[in-house]
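Scroll down for the structure; my scribbles are underneath it.
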Amino acid sequence: ILVALFLLSFILFSFSKLKIARIRLLSLILITGAIFLPLLSKAFYERENDLGKADINEGMIMVEFATKSLLLGKNPYSISYLEAVKREKNEAGQKDYEIEDLKHIQYSPVVFWLTAPFFVVSQKLFDFFDLRIVLVTLFLISALIGYQLTNRRILFLIIFLYNPVFLSSLISGSNDVIPLTFIFLSLLLLKFSKITYATVALSLAIGSKLIALPFAPIYFGYLLVRKSSPKGLVFKQFTLFIVLSLVIYLPFVIWNFDDFLSDLVIYQIAGCSMGKPISGFLGLPQLLNAFGLISKNSTFPFFVLFLPTYLVFLWFFLRFIKKSSDLSSLTAGYIFSLLIFLAFTRIVQTDYLAYISQFLVLFAFIESKS
């Protein structure tokens, strides 16, 4: 049904000679609702009735438990998620749990703050909460933001909303849509020269997941070479970014510095018993492990290779963006930054590729001067 509706909407709207844009957009919205409502209803029903729990993303369970714990006054970086995940998924019996992995959470504080009001309201009204309520809401918001950024808007919406890789990731509970939405918002605000608000959106993106961090140097490099930028703008915006980042992260740093550092930094980049084993595909660590040159618990700090590679890329990017300082160049810069990041990370998941694919869709349709 999903494939049939995708093809139907593609044929009807992408190549239609009708110029009634509002009717076309309304029709697309109705089709999208007809697809997403049954998908979500099925997902909620299966979860409530202990069906199909093996398909639920463990990160979704961890965020829900972290939000609930934070509302009870517990530090989400100081608790174990093993029992919460087992309680949700153990009946399916399809996976051996890596105990150490479920003692750490890799998500930043904005994820919990954003989830908390949805959690409270949903529990009060329905005595039920599922993180996908938040994720699908943000997904639709990001689509509307992208609609404002692009030309050939209907075609953009069709491909963005029905990207099969990202849609599968979203329905399983992957929360990469949170930083994606804030980065889209930052780009839209840049389009309308609302620089301060764009910096706030950037701070919220990085405050939700560190996968958004490579966007920051690209963003400030763009402001630096932007012809319409007044003198001192970059310094003011960078100062604002630092202040907002401190507001987001500092309370948890003060609460328990060791646990915070362990969850967000050390466990993500260290090897052996201190951190994540190498897993996934495509990256340098994965290739070296596949050829038997290193073990999956190698302690080699691959981030020391990432930093100089990324700095070389930034040098070339700044030279390029001086000649083409538009939002398409900024989007392309972030895509390349993510690819460099994935080349040296210890874990490469399909969720990361799904995340990148949505920025590729935006890049294909974003308004460009060149």
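Ligands are numbered from 1 in the order shown, chains are lettered A, B, ... in the order of the structure tokens, and residues start at 1 in each chain.
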Considering only C-alpha atoms, give me a table of residues in segment 239-321 of chain A that are at most 12 Å from segment 79-86 of chain A, with the closest atom pair and distance in Å for each, as a tab-separated table.
```
residue	atom	partner	partner_atom	distance
A:Asn256	CA	A:Ile79	CA	11.3
A:Asp259	CA	A:Ile79	CA	9.0
A:Phe260	CA	A:Ile79	CA	10.8
A:Asp263	CA	A:Ile79	CA	10.4
```
Any chance you can output those residues with all heavy atoms as a short mmCIF file (atom, residue, chain, number, x, y, z; two decimals), in the first residue's frame?
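As written to disk, again-v6.cif reads:
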```
data_model
loop_
_atom_site.label_atom_id
_atom_site.label_comp_id
_atom_site.auth_asym_id
_atom_site.auth_seq_id
_atom_site.Cartn_x
_atom_site.Cartn_y
_atom_site.Cartn_z
N ASN A 256 26.73 15.46 37.84
CA ASN A 256 27.68 14.35 37.98
C ASN A 256 28.59 14.36 36.77
O ASN A 256 28.27 13.79 35.73
CB ASN A 256 26.95 13.01 38.10
CG ASN A 256 27.88 11.89 38.54
OD1 ASN A 256 29.01 11.79 38.09
ND2 ASN A 256 27.40 11.05 39.44
N ASP A 259 29.89 10.77 35.29
CA ASP A 259 28.88 10.01 34.54
C ASP A 259 28.54 10.68 33.22
O ASP A 259 28.36 10.02 32.19
CB ASP A 259 27.60 9.85 35.37
CG ASP A 259 27.79 8.88 36.52
OD1 ASP A 259 28.77 8.11 36.50
OD2 ASP A 259 26.96 8.91 37.46
N PHE A 260 28.44 12.01 33.24
CA PHE A 260 28.15 12.76 32.03
C PHE A 260 29.24 12.55 30.98
O PHE A 260 28.96 12.24 29.82
CB PHE A 260 28.02 14.25 32.36
CG PHE A 260 27.80 15.14 31.18
CD1 PHE A 260 26.54 15.34 30.67
CD2 PHE A 260 28.87 15.78 30.57
CE1 PHE A 260 26.33 16.16 29.56
CE2 PHE A 260 28.67 16.61 29.47
CZ PHE A 260 27.40 16.80 28.97
N ASP A 263 29.23 8.87 29.60
CA ASP A 263 28.16 8.52 28.67
C ASP A 263 28.30 9.21 27.31
O ASP A 263 28.18 8.57 26.26
CB ASP A 263 26.80 8.90 29.28
CG ASP A 263 26.29 7.84 30.25
OD1 ASP A 263 27.10 7.01 30.69
OD2 ASP A 263 25.09 7.86 30.56
#
```
Spatial neighbours of Ser186 of chain A, 7 Å, only C-alpha atoms, chain gap at least 2 places, as number ranges by chain: A: 182-184, 188-190, 198-199, 201-202
Counting only C-alpha atoms, give me one row per residue of segment 208-230 of chain A with an atom at most 8 Å from an atom of segment 314-322 of chain A, showing the shortest contact pair and its distance in Å to one decimal, sorted by chain then residue number, as JSON lines.
```
{"residue": "A:Pro217", "atom": "CA", "partner": "A:Leu314", "partner_atom": "CA", "distance": 7.8}
{"residue": "A:Ile218", "atom": "CA", "partner": "A:Leu314", "partner_atom": "CA", "distance": 7.5}
{"residue": "A:Gly221", "atom": "CA", "partner": "A:Leu318", "partner_atom": "CA", "distance": 6.4}
{"residue": "A:Tyr222", "atom": "CA", "partner": "A:Ile321", "partner_atom": "CA", "distance": 7.0}
{"residue": "A:Val225", "atom": "CA", "partner": "A:Lys322", "partner_atom": "CA", "distance": 5.8}
{"residue": "A:Arg226", "atom": "CA", "partner": "A:Lys322", "partner_atom": "CA", "distance": 7.6}
```
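The protein and nucleic acid residues lying at most 9 Å from Glu58 of chain A are A:Val85, A:Lys89, A:Leu102, A:Gly173, A:Ser174, with only C-alpha atoms considered and sequence neighbours fewer than 6 positions away removed.
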12 Å contact set for Val120 of chain A, only C-alpha atoms, chain neighbours under 2 positions out, as a list in words: Glu64, Thr67, Lys68, Leu70, Leu71, Leu72, Phe112, Trp113, Leu114, Thr115, Ala116, Pro117, Phe118, Ser122, Gln123, Lys124, Leu125, Phe126, Asp127, Phe128, Phe129, Asp130 and Leu131 of chain A
Restrict the selected residues to C-alpha atoms and save them as a tab-separated table (two decimals), in the first residue's frame.
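And here's part_8.tsv as it stands now:
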```tsv
chain	number	residue	atom	x	y	z
A	64	GLU	CA	11.41	7.44	27.48
A	67	THR	CA	12.69	11.41	30.60
A	68	LYS	CA	10.59	9.68	33.24
A	70	LEU	CA	14.52	13.10	35.02
A	71	LEU	CA	10.98	14.12	35.98
A	72	LEU	CA	11.45	12.06	39.16
A	112	PHE	CA	14.81	14.84	27.42
A	113	TRP	CA	13.56	18.42	27.78
A	114	LEU	CA	11.71	18.22	24.48
A	115	THR	CA	10.15	14.86	25.35
A	116	ALA	CA	9.11	15.82	28.89
A	117	PRO	CA	6.00	17.98	28.10
A	118	PHE	CA	4.72	15.39	25.62
A	122	SER	CA	0.10	12.10	27.13
A	123	GLN	CA	0.25	10.30	30.49
A	124	LYS	CA	-2.37	12.62	31.96
A	125	LEU	CA	-4.77	12.32	29.03
A	126	PHE	CA	-4.26	8.74	27.86
A	127	ASP	CA	-2.17	7.03	30.55
A	128	PHE	CA	0.14	6.10	27.69
A	129	PHE	CA	3.24	7.54	26.04
A	130	ASP	CA	5.24	6.59	23.00
A	131	LEU	CA	8.22	8.63	21.84
```
Long-range neighbours of Tyr334 of chain A as JSON, numbers by chain, 8 Å cut-off, only C-alpha atoms, 2 positions minimum in chain: {"A": [214, 215, 218, 330, 331, 332, 336, 337, 338]}
Using C-alpha atoms, can you write the selected residues to a file as a PDB file, in the first residue's frame?
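Produced file out.pdb, reproduced below:
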```
ATOM      1  CA  PRO A 214      29.993  18.970  12.638  1.00  0.00           C
ATOM      2  CA  PHE A 215      27.432  21.520  11.444  1.00  0.00           C
ATOM      3  CA  ILE A 218      30.301  24.917   8.726  1.00  0.00           C
ATOM      4  CA  LEU A 330      26.074  25.047   3.541  1.00  0.00           C
ATOM      5  CA  THR A 331      23.958  21.887   3.235  1.00  0.00           C
ATOM      6  CA  ALA A 332      26.583  20.176   1.074  1.00  0.00           C
ATOM      7  CA  PHE A 336      30.525  15.989   3.624  1.00  0.00           C
ATOM      8  CA  SER A 337      31.220  16.637   7.314  1.00  0.00           C
ATOM      9  CA  LEU A 338      28.937  13.736   8.262  1.00  0.00           C
TER      10      LEU A 338
END
```
Selection near segment 135-141 of chain A, 9 Å with only C-alpha atoms, sequence-local residues under 6 positions removed, as a ChimeraX atom specification: /A:36,40,161,170-171,173-178,180-181
Those same residues, written as a PDB file, in the first residue's frame with N, CA and C atoms?
```pdb
ATOM      1  N   PHE A  36       0.285   7.684   7.518  1.00  0.00           N
ATOM      2  CA  PHE A  36       0.936   7.747   8.827  1.00  0.00           C
ATOM      3  C   PHE A  36       0.012   7.329   9.971  1.00  0.00           C
ATOM      4  N   LEU A  40       1.140   4.457  12.635  1.00  0.00           N
ATOM      5  CA  LEU A  40       1.328   4.750  14.055  1.00  0.00           C
ATOM      6  C   LEU A  40       0.343   3.960  14.914  1.00  0.00           C
ATOM      7  N   LEU A 161       9.091  12.798   2.608  1.00  0.00           N
ATOM      8  CA  LEU A 161       8.161  12.115   3.498  1.00  0.00           C
ATOM      9  C   LEU A 161       8.152  10.602   3.313  1.00  0.00           C
ATOM     10  N   LEU A 170      12.393   5.915  11.409  1.00  0.00           N
ATOM     11  CA  LEU A 170      11.501   6.740  12.218  1.00  0.00           C
ATOM     12  C   LEU A 170      10.458   5.894  12.939  1.00  0.00           C
ATOM     13  N   ILE A 171       9.798   5.005  12.208  1.00  0.00           N
ATOM     14  CA  ILE A 171       8.733   4.193  12.793  1.00  0.00           C
ATOM     15  C   ILE A 171       9.271   3.233  13.857  1.00  0.00           C
ATOM     16  N   GLY A 173      11.545   4.081  15.905  1.00  0.00           N
ATOM     17  CA  GLY A 173      11.797   4.903  17.082  1.00  0.00           C
ATOM     18  C   GLY A 173      13.121   5.618  17.112  1.00  0.00           C
ATOM     19  N   SER A 174      13.846   5.661  16.001  1.00  0.00           N
ATOM     20  CA  SER A 174      15.113   6.398  15.956  1.00  0.00           C
ATOM     21  C   SER A 174      14.839   7.895  16.096  1.00  0.00           C
ATOM     22  N   ASN A 175      15.629   8.583  16.908  1.00  0.00           N
ATOM     23  CA  ASN A 175      15.345   9.993  17.208  1.00  0.00           C
ATOM     24  C   ASN A 175      16.234  10.981  16.463  1.00  0.00           C
ATOM     25  N   ASP A 176      16.845  10.547  15.355  1.00  0.00           N
ATOM     26  CA  ASP A 176      17.688  11.467  14.577  1.00  0.00           C
ATOM     27  C   ASP A 176      16.890  12.616  13.974  1.00  0.00           C
ATOM     28  N   VAL A 177      15.569  12.491  13.942  1.00  0.00           N
ATOM     29  CA  VAL A 177      14.739  13.571  13.403  1.00  0.00           C
ATOM     30  C   VAL A 177      14.810  14.814  14.288  1.00  0.00           C
ATOM     31  N   ILE A 178      15.211  14.675  15.544  1.00  0.00           N
ATOM     32  CA  ILE A 178      15.268  15.840  16.438  1.00  0.00           C
ATOM     33  C   ILE A 178      16.355  16.821  15.998  1.00  0.00           C
ATOM     34  N   LEU A 180      17.794  16.882  13.138  1.00  0.00           N
ATOM     35  CA  LEU A 180      17.469  17.223  11.750  1.00  0.00           C
ATOM     36  C   LEU A 180      16.502  18.402  11.702  1.00  0.00           C
ATOM     37  N   THR A 181      15.471  18.372  12.542  1.00  0.00           N
ATOM     38  CA  THR A 181      14.478  19.452  12.549  1.00  0.00           C
ATOM     39  C   THR A 181      15.100  20.782  12.938  1.00  0.00           C
TER      40      THR A 181
END
```
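Computed from the coordinates, the atom CA of Leu360 of chain A to atom CA of Lys209 of chain A distance equals 19.3 Å.
Note that the spacing between atom CA of Val234 of chain A and atom CA of Ile248 of chain A amounts to 20.8 Å.
Our summary of the geometry notes that atom CA of Ile269 of chain A is positioned 24.8 Å from atom CA of Leu244 of chain A.
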Proximity to Phe257 of chain A - best of A:Phe341, A:Phe166, A:Tyr77, A:Phe65, only C-alpha atoms: A:Tyr77
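Residue nearest Trp255 of chain A, chosen from A:Ser27, A:Asn151, A:Ser78, A:Asn163 and counting only C-alpha atoms: A:Ser78.
Of the listed residues A:Arg87, A:Phe300, A:Asp326, A:Ile335, the one whose atoms come nearest to Phe313 of chain A is A:Ile335, with distances taken using only C-alpha atoms.
Running DSSP on the backbone and keeping only strand (DSSP E), the residues of segment 144-369 of chain A that qualify are A:Ser279, A:Gly280, A:Ile347, A:Val348.
For the choices A:Leu157, A:Ile56, A:Ile366, A:Ile356, the atom-to-atom distance to Ala212 of chain A is smallest for A:Ile356 when using only C-alpha atoms.
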Selected residue of minimal separation from Val63 of chain A among A:Phe220, A:Tyr45, A:Tyr107, A:Phe192, counting only C-alpha atoms: A:Tyr107
Sel. of helix (DSSP H, G or I) residues, segment 223-255 of chain A, as a count of residues only: 26
